[in-house]
Amino acid sequence: MEFRVAMPTATVDMDQVRRLLCDADPAALVDVDPLQTGLRISVQLTTGELAGVLEQAGCVLGPLAIQPQPSVCCGGCGG
């Protein structure tokens, strides 16, 4: 799943976020989205599980901060 996480004023320890996400899903990817002031995350977790991981990393989020994104998979690779 891909997610956008709105974090307009919070500072984030990206190393901690990456470490915890990779503990939950070794294939997880995360980066800062400079255009929408937040994070872009690709991870095999539910929205609730992702919220728990981000909370462990010290991110205080509102109830609508985590937005699942539509799939961009074309299916061409068979995965």
# chains A, B, ... in the order shown; residues from 1 in each chain; ligands from 1
>>> select_by_dssp(residues="chain A", states="strand (DSSP E)", output="count of residues only")
19
>>> select_by_dssp(residues="chain A", states="alpha helix (DSSP H)", output="list in words")
Met14, Asp15, Gln16, Val17, Arg18, Arg19, Leu20, Leu21, Cys22, Asp23, Ala24, Thr47, Gly48, Glu49, Leu50, Ala51, Gly52, Val53, Leu54, Glu55 and Gln56 of chain A
>>> residues_around(residues="A:Gly52", least_positions_apart="5", cutoff="12 Å", atoms="only C-alpha atoms", output="PyMOL selection string")
chain A and resi 17+20-21+24+45-47+57-61+66
>>> write_last_selection(atoms="all heavy atoms", output="compact mmCIF listing (two decimals), in the first residue's frame")
# COMPACT_ATOMS: atom_id res chain seq x y z
N VAL A 17 11.91 6.41 11.94
CA VAL A 17 10.75 5.99 11.15
C VAL A 17 11.16 4.86 10.20
O VAL A 17 10.49 3.83 10.13
CB VAL A 17 10.14 7.18 10.37
CG1 VAL A 17 9.10 6.70 9.37
CG2 VAL A 17 9.54 8.19 11.33
N LEU A 20 11.84 1.53 12.15
CA LEU A 20 10.63 0.86 12.63
C LEU A 20 9.79 0.31 11.47
O LEU A 20 9.23 -0.79 11.58
CB LEU A 20 9.80 1.83 13.48
CG LEU A 20 10.41 2.17 14.83
CD1 LEU A 20 9.65 3.31 15.50
CD2 LEU A 20 10.44 0.95 15.73
N LEU A 21 9.71 1.06 10.37
CA LEU A 21 8.97 0.55 9.21
C LEU A 21 9.63 -0.69 8.64
O LEU A 21 8.96 -1.66 8.29
CB LEU A 21 8.85 1.63 8.14
CG LEU A 21 7.83 2.73 8.40
CD1 LEU A 21 7.94 3.82 7.35
CD2 LEU A 21 6.41 2.17 8.43
N ALA A 24 8.91 -3.75 10.56
CA ALA A 24 7.57 -4.28 10.27
C ALA A 24 7.48 -4.86 8.86
O ALA A 24 6.76 -5.83 8.63
CB ALA A 24 6.53 -3.18 10.45
N LEU A 45 1.37 -2.74 5.28
CA LEU A 45 0.70 -2.62 6.56
C LEU A 45 -0.67 -2.02 6.33
O LEU A 45 -0.90 -1.32 5.33
CB LEU A 45 1.48 -1.70 7.51
CG LEU A 45 2.88 -2.11 7.93
CD1 LEU A 45 3.52 -1.01 8.76
CD2 LEU A 45 2.86 -3.41 8.70
N THR A 46 -1.58 -2.23 7.27
CA THR A 46 -2.86 -1.55 7.22
C THR A 46 -2.67 -0.11 7.71
O THR A 46 -1.62 0.22 8.31
CB THR A 46 -3.90 -2.25 8.12
OG1 THR A 46 -3.46 -2.12 9.48
CG2 THR A 46 -4.07 -3.71 7.75
N THR A 47 -3.67 0.70 7.52
CA THR A 47 -3.61 2.07 8.01
C THR A 47 -3.40 2.10 9.52
O THR A 47 -2.59 2.86 10.03
CB THR A 47 -4.88 2.84 7.62
OG1 THR A 47 -5.04 2.79 6.20
CG2 THR A 47 -4.82 4.29 8.06
N ALA A 57 7.41 5.88 16.62
CA ALA A 57 8.51 6.75 16.19
C ALA A 57 8.36 8.16 16.72
O ALA A 57 9.19 9.02 16.43
CB ALA A 57 8.57 6.78 14.66
N GLY A 58 7.30 8.43 17.49
CA GLY A 58 7.12 9.73 18.09
C GLY A 58 6.31 10.71 17.26
O GLY A 58 6.27 11.90 17.56
N CYS A 59 5.64 10.22 16.23
CA CYS A 59 4.82 11.09 15.38
C CYS A 59 3.42 11.18 15.96
O CYS A 59 2.74 10.17 16.11
CB CYS A 59 4.74 10.54 13.96
SG CYS A 59 6.34 10.37 13.15
N VAL A 60 2.99 12.39 16.27
CA VAL A 60 1.64 12.62 16.76
C VAL A 60 0.79 13.02 15.56
O VAL A 60 1.05 14.04 14.93
CB VAL A 60 1.62 13.72 17.83
CG1 VAL A 60 0.21 13.98 18.31
CG2 VAL A 60 2.54 13.35 18.99
N LEU A 61 -0.20 12.19 15.24
CA LEU A 61 -0.99 12.40 14.03
C LEU A 61 -2.46 12.55 14.36
O LEU A 61 -2.97 11.91 15.27
CB LEU A 61 -0.82 11.21 13.08
CG LEU A 61 0.60 10.88 12.67
CD1 LEU A 61 0.63 9.57 11.91
CD2 LEU A 61 1.19 12.00 11.84
N ILE A 66 -3.27 10.02 7.87
CA ILE A 66 -2.79 8.94 7.02
C ILE A 66 -3.83 8.68 5.93
O ILE A 66 -4.96 8.28 6.22
CB ILE A 66 -2.54 7.66 7.83
CG1 ILE A 66 -1.48 7.92 8.89
CG2 ILE A 66 -2.12 6.51 6.92
CD1 ILE A 66 -1.25 6.76 9.84
>>> closest_residue(among="A:Ala27, A:Ala6, A:Cys22, A:Met1", to="A:Val53", atoms="only C-alpha atoms")
A:Cys22
>>> residues_around(residues="A:Gln67", least_positions_apart="5", cutoff="12 Å", atoms="only C-alpha atoms", output="list of chain:residue names")
A:Met1, A:Glu2, A:Phe3, A:Arg4, A:Val5, A:Ala6, A:Met7, A:Gly38, A:Leu39, A:Arg40, A:Ile41, A:Ser42, A:Thr46, A:Thr47, A:Gly48, A:Leu50, A:Ala51, A:Leu61, A:Gly62
>>> atom_distance(atom1="atom CA of A:Glu55", atom2="atom CA of A:Leu35")
23.1 Å
>>> atom_distance(atom1="atom CA of A:Thr37", atom2="atom CA of A:Gln16")
18.4 Å
>>> atom_distance(atom1="atom CA of A:Glu49", atom2="atom CA of A:Thr11")
20.8 Å
